[in-house]
>>> print(open('start_39.cif').read())   # mmCIF, C-alpha atoms
data_work
loop_
_atom_site.group_PDB
_atom_site.id
_atom_site.type_symbol
_atom_site.label_atom_id
_atom_site.label_comp_id
_atom_site.auth_asym_id
_atom_site.auth_seq_id
_atom_site.Cartn_x
_atom_site.Cartn_y
_atom_site.Cartn_z
ATOM 1 C CA GLU A 1 0.000 0.000 0.000
ATOM 2 C CA GLN A 2 1.062 3.566 -0.546
ATOM 3 C CA LEU A 3 1.857 5.871 2.356
ATOM 4 C CA GLN A 4 -1.466 7.144 3.698
ATOM 5 C CA VAL A 5 -1.611 10.716 5.056
ATOM 6 C CA SER A 6 -4.673 11.754 7.066
ATOM 7 C CA ASN A 7 -5.894 14.958 8.685
ATOM 8 C CA TYR A 8 -8.273 14.963 11.633
ATOM 9 C CA GLY A 9 -9.841 18.362 12.318
ATOM 10 C CA LEU A 10 -11.825 19.440 15.345
ATOM 11 C CA GLY A 11 -13.788 16.412 16.603
ATOM 12 C CA GLY A 12 -12.001 14.126 14.130
ATOM 13 C CA HIS A 13 -11.516 10.593 15.373
ATOM 14 C CA TYR A 14 -11.174 7.002 14.178
ATOM 15 C CA ALA A 15 -13.196 4.187 15.756
ATOM 16 C CA PRO A 16 -11.268 1.272 17.319
ATOM 17 C CA HIS A 17 -10.117 -1.210 14.673
ATOM 18 C CA TYR A 18 -7.386 -3.636 13.658
ATOM 19 C CA ASP A 19 -4.973 -2.995 10.799
ATOM 20 C CA PHE A 20 -4.735 -6.678 9.838
ATOM 21 C CA HIS A 21 -7.333 -8.152 7.493
ATOM 22 C CA GLY A 22 -7.569 -11.429 9.360
ATOM 23 C CA SER A 23 -8.932 -13.465 6.485
ATOM 24 C CA SER A 24 -8.201 -17.177 6.552
ATOM 25 C CA LYS A 25 -8.918 -17.296 2.819
ATOM 26 C CA LYS A 26 -5.847 -16.289 0.788
ATOM 27 C CA LYS A 27 -7.992 -15.103 -2.137
ATOM 28 C CA GLU A 28 -9.600 -12.457 0.106
ATOM 29 C CA LEU A 29 -6.248 -10.910 1.058
ATOM 30 C CA PRO A 30 -4.554 -8.239 -1.048
ATOM 31 C CA LYS A 31 -1.808 -9.518 -3.355
ATOM 32 C CA GLU A 32 0.757 -8.126 -0.867
ATOM 33 C CA GLY A 33 -0.629 -10.403 1.860
ATOM 34 C CA ASP A 34 -1.869 -9.260 5.235
ATOM 35 C CA ARG A 35 -0.521 -6.242 7.109
ATOM 36 C CA LEU A 36 2.417 -7.605 9.068
ATOM 37 C CA ALA A 37 3.126 -4.342 10.920
ATOM 38 C CA THR A 38 2.126 -0.683 11.149
ATOM 39 C CA PHE A 39 4.383 2.381 11.275
ATOM 40 C CA MET A 40 2.440 5.542 12.163
ATOM 41 C CA MET A 41 4.139 8.947 12.106
ATOM 42 C CA TYR A 42 2.818 12.091 13.754
ATOM 43 C CA LEU A 43 3.161 15.053 11.403
ATOM 44 C CA SER A 44 1.790 17.737 13.726
ATOM 45 C CA GLU A 45 1.304 18.733 17.338
ATOM 46 C CA VAL A 46 -2.257 18.607 18.648
ATOM 47 C CA GLU A 47 -3.224 21.228 21.216
ATOM 48 C CA LYS A 48 -5.650 18.904 23.003
ATOM 49 C CA GLY A 49 -6.879 15.355 22.369
ATOM 50 C CA GLY A 50 -6.115 13.194 19.348
ATOM 51 C CA ASN A 51 -4.342 10.406 21.233
ATOM 52 C CA THR A 52 -3.947 7.005 19.616
ATOM 53 C CA ALA A 53 -5.469 4.599 22.126
ATOM 54 C CA PHE A 54 -4.827 0.874 22.479
ATOM 55 C CA PRO A 55 -7.684 -0.077 24.864
ATOM 56 C CA ARG A 56 -6.681 -3.717 25.374
ATOM 57 C CA LEU A 57 -3.180 -2.618 26.359
ATOM 58 C CA LYS A 58 -4.520 0.320 28.392
ATOM 59 C CA VAL A 59 -2.073 2.616 26.566
ATOM 60 C CA ALA A 60 -2.604 5.937 24.804
ATOM 61 C CA VAL A 61 0.027 7.750 22.747
ATOM 62 C CA ALA A 62 -0.149 11.544 22.579
ATOM 63 C CA PRO A 63 0.630 12.923 19.115
ATOM 64 C CA GLN A 64 3.917 14.843 19.075
ATOM 65 C CA LEU A 65 5.432 16.248 15.898
ATOM 66 C CA GLY A 66 8.206 13.937 14.667
ATOM 67 C CA ASP A 67 7.264 10.966 16.891
ATOM 68 C CA ALA A 68 6.218 7.582 15.517
ATOM 69 C CA VAL A 69 4.635 4.384 16.772
ATOM 70 C CA PHE A 70 5.424 0.901 15.430
ATOM 71 C CA TRP A 71 3.577 -2.318 16.186
ATOM 72 C CA LYS A 72 3.341 -5.831 14.800
ATOM 73 C CA ASN A 73 -0.168 -6.813 13.721
ATOM 74 C CA LEU A 74 0.457 -10.545 13.229
ATOM 75 C CA SER A 75 1.986 -13.261 15.364
ATOM 76 C CA PRO A 76 4.927 -15.228 13.906
ATOM 77 C CA GLY A 77 2.328 -17.785 12.764
ATOM 78 C CA GLY A 78 0.446 -15.118 10.781
ATOM 79 C CA VAL A 79 -2.500 -14.766 13.166
ATOM 80 C CA GLY A 80 -3.861 -11.289 13.960
ATOM 81 C CA ASP A 81 -2.940 -9.977 17.413
ATOM 82 C CA ASP A 82 -6.076 -8.900 19.304
ATOM 83 C CA LEU A 83 -3.983 -6.602 21.511
ATOM 84 C CA THR A 84 -3.410 -4.280 18.527
ATOM 85 C CA LEU A 85 -6.980 -2.942 18.661
ATOM 86 C CA HIS A 86 -6.517 0.835 18.394
ATOM 87 C CA GLY A 87 -8.329 4.029 17.532
ATOM 88 C CA GLY A 88 -7.891 7.762 17.239
ATOM 89 C CA CYS A 89 -9.405 9.752 20.108
ATOM 90 C CA PRO A 90 -11.300 12.925 19.156
ATOM 91 C CA VAL A 91 -9.270 16.060 18.479
ATOM 92 C CA LEU A 92 -10.538 18.598 21.029
ATOM 93 C CA VAL A 93 -8.440 21.612 20.055
ATOM 94 C CA GLY A 94 -6.383 21.978 16.886
ATOM 95 C CA SER A 95 -5.748 19.511 14.079
ATOM 96 C CA LYS A 96 -3.954 16.165 13.792
ATOM 97 C CA HIS A 97 -1.906 15.010 10.790
ATOM 98 C CA VAL A 98 -0.565 11.451 10.621
ATOM 99 C CA ALA A 99 1.064 9.225 8.028
ATOM 100 C CA ASN A 100 0.654 5.444 8.052
ATOM 101 C CA LYS A 101 2.874 2.916 6.326
ATOM 102 C CA TRP A 102 1.792 -0.703 6.435
ATOM 103 C CA ILE A 103 4.374 -3.432 6.014
ATOM 104 C CA HIS A 104 2.870 -6.456 4.269
ATOM 105 C CA GLU A 105 3.737 -10.156 4.468
ATOM 106 C CA VAL A 106 4.804 -10.621 0.843
ATOM 107 C CA GLY A 107 8.463 -9.706 0.467
ATOM 108 C CA ASN A 108 8.925 -9.061 4.177
ATOM 109 C CA VAL A 109 8.854 -12.495 5.770
ATOM 110 C CA CYS A 110 12.285 -13.966 6.406
ATOM 111 C CA ARG A 111 12.998 -17.388 4.975
ATOM 112 C CA LEU A 112 16.095 -19.457 5.649
ATOM 113 C CA LEU A 113 18.093 -20.371 2.580
ATOM 114 C CA PRO A 114 18.547 -24.125 2.075
ATOM 115 C CA SER A 115 22.280 -23.927 2.888
ATOM 116 C CA THR A 116 21.503 -22.018 6.107
ATOM 117 C CA ARG A 117 18.990 -24.666 7.200
ATOM 118 C CA ARG A 118 21.531 -27.448 6.754
ATOM 119 C CA ALA A 119 24.256 -25.527 8.567
ATOM 120 C CA ARG A 120 22.018 -24.867 11.555
ATOM 121 C CA GLY A 121 21.056 -28.524 11.774
ATOM 122 C CA LYS A 122 24.649 -29.764 12.062
ATOM 123 C CA ARG A 123 26.240 -30.183 15.459
ATOM 124 C CA ARG A 124 29.963 -30.129 15.961
#
>>> encode(input="start_39.cif", output="structure tokens")
Amino acid sequence: EQLQVSNYGLGGHYAPHYDFHGSSKKKELPKEGDRLATFMMYLSEVEKGGNTAFPRLKVAVAPQLGDAVFWKNLSPGGVGDDLTLHGGCPVLVGSKHVANKWIHEVGNVCRLLPSTRRARGKRR
């Protein structure tokens, strides 16, 4: 996916959601695969409100210009992590600008080369 830039004005918010698609059917996933991780950058200060809240973790991140948040959406087995539920709290004063970059499974999952697998299996 392309970098997504969003602006939340006064009262702007985003309901709690997951970034992973969570489909067990490969044909329903985008060609890039599911969203392995999220990198969200704060592009502005917000005078009041606009936190990114992770309710299941009981954590909220206040938007600060130049800060970023990174989280993994999938377990090593490719299952969506329920703890990544998050949302944007309402902007009470000012405006919030963020940029999101999603890292997808395809092209970003490490695989051992055959020679590496054999070398790891040998004991000396």
>>> residues_around(input="start_39.cif", residues="region 71-77 of chain A", least_positions_apart="4", cutoff="7 Å", atoms="only C-alpha atoms", output="list in words")
Asp19, Phe20, Arg35, Leu36, Ala37, Thr38, Phe39, Asp81 and Thr84 of chain A
>>> resolve_selection(input="start_39.cif", expression="the PyMOL selection byres ((chain A and resi 96) around 10)", output="ChimeraX atom specification")
/A:6-10,12-13,42-51,63-65,88,90-91,93-95,97-98
>>> write_last_selection(input="start_39.cif", atoms="C-alpha atoms", output="PDB file, keeping the file's coordinate frame")
ATOM      1  CA  SER A   6      -4.673  11.754   7.066  1.00  0.00           C
ATOM      2  CA  ASN A   7      -5.894  14.958   8.685  1.00  0.00           C
ATOM      3  CA  TYR A   8      -8.273  14.963  11.633  1.00  0.00           C
ATOM      4  CA  GLY A   9      -9.841  18.362  12.318  1.00  0.00           C
ATOM      5  CA  LEU A  10     -11.825  19.440  15.345  1.00  0.00           C
ATOM      6  CA  GLY A  12     -12.001  14.126  14.130  1.00  0.00           C
ATOM      7  CA  HIS A  13     -11.516  10.593  15.373  1.00  0.00           C
ATOM      8  CA  TYR A  42       2.818  12.091  13.754  1.00  0.00           C
ATOM      9  CA  LEU A  43       3.161  15.053  11.403  1.00  0.00           C
ATOM     10  CA  SER A  44       1.790  17.737  13.726  1.00  0.00           C
ATOM     11  CA  GLU A  45       1.304  18.733  17.338  1.00  0.00           C
ATOM     12  CA  VAL A  46      -2.257  18.607  18.648  1.00  0.00           C
ATOM     13  CA  GLU A  47      -3.224  21.228  21.216  1.00  0.00           C
ATOM     14  CA  LYS A  48      -5.650  18.904  23.003  1.00  0.00           C
ATOM     15  CA  GLY A  49      -6.879  15.355  22.369  1.00  0.00           C
ATOM     16  CA  GLY A  50      -6.115  13.194  19.348  1.00  0.00           C
ATOM     17  CA  ASN A  51      -4.342  10.406  21.233  1.00  0.00           C
ATOM     18  CA  PRO A  63       0.630  12.923  19.115  1.00  0.00           C
ATOM     19  CA  GLN A  64       3.917  14.843  19.075  1.00  0.00           C
ATOM     20  CA  LEU A  65       5.432  16.248  15.898  1.00  0.00           C
ATOM     21  CA  GLY A  88      -7.891   7.762  17.239  1.00  0.00           C
ATOM     22  CA  PRO A  90     -11.300  12.925  19.156  1.00  0.00           C
ATOM     23  CA  VAL A  91      -9.270  16.060  18.479  1.00  0.00           C
ATOM     24  CA  VAL A  93      -8.440  21.612  20.055  1.00  0.00           C
ATOM     25  CA  GLY A  94      -6.383  21.978  16.886  1.00  0.00           C
ATOM     26  CA  SER A  95      -5.748  19.511  14.079  1.00  0.00           C
ATOM     27  CA  HIS A  97      -1.906  15.010  10.790  1.00  0.00           C
ATOM     28  CA  VAL A  98      -0.565  11.451  10.621  1.00  0.00           C
TER      29      VAL A  98
END
>>> residues_near_point(input="start_39.cif", point="(5.4, -2.2, -6.2)", cutoff="10 Å", atoms="all atoms listed in the file", output="JSON, numbers by chain")
{"A": [1, 2, 32]}
>>> residues_around(input="start_39.cif", residues="Asn108 (chain A)", least_positions_apart="3", cutoff="10 Å", atoms="all atoms listed in the file", output="ChimeraX atom specification")
/A:32-33,36,103-105,111
>>> closest_residue(input="start_39.cif", among="A:Lys101, A:His17, A:Lys31, A:Arg56", to="Val69 (chain A)", atoms="all atoms listed in the file")
A:Lys101
>>> residues_around(input="start_39.cif", residues="Phe54 (chain A)", least_positions_apart="5", cutoff="7 Å", atoms="all atoms listed in the file", output="PDB file with C-alpha atoms, in the frame of the given file")
ATOM      1  CA  VAL A  59      -2.073   2.616  26.566  1.00  0.00           C
ATOM      2  CA  ALA A  60      -2.604   5.937  24.804  1.00  0.00           C
ATOM      3  CA  THR A  84      -3.410  -4.280  18.527  1.00  0.00           C
ATOM      4  CA  LEU A  85      -6.980  -2.942  18.661  1.00  0.00           C
ATOM      5  CA  HIS A  86      -6.517   0.835  18.394  1.00  0.00           C
ATOM      6  CA  GLY A  87      -8.329   4.029  17.532  1.00  0.00           C
TER       7      GLY A  87
END
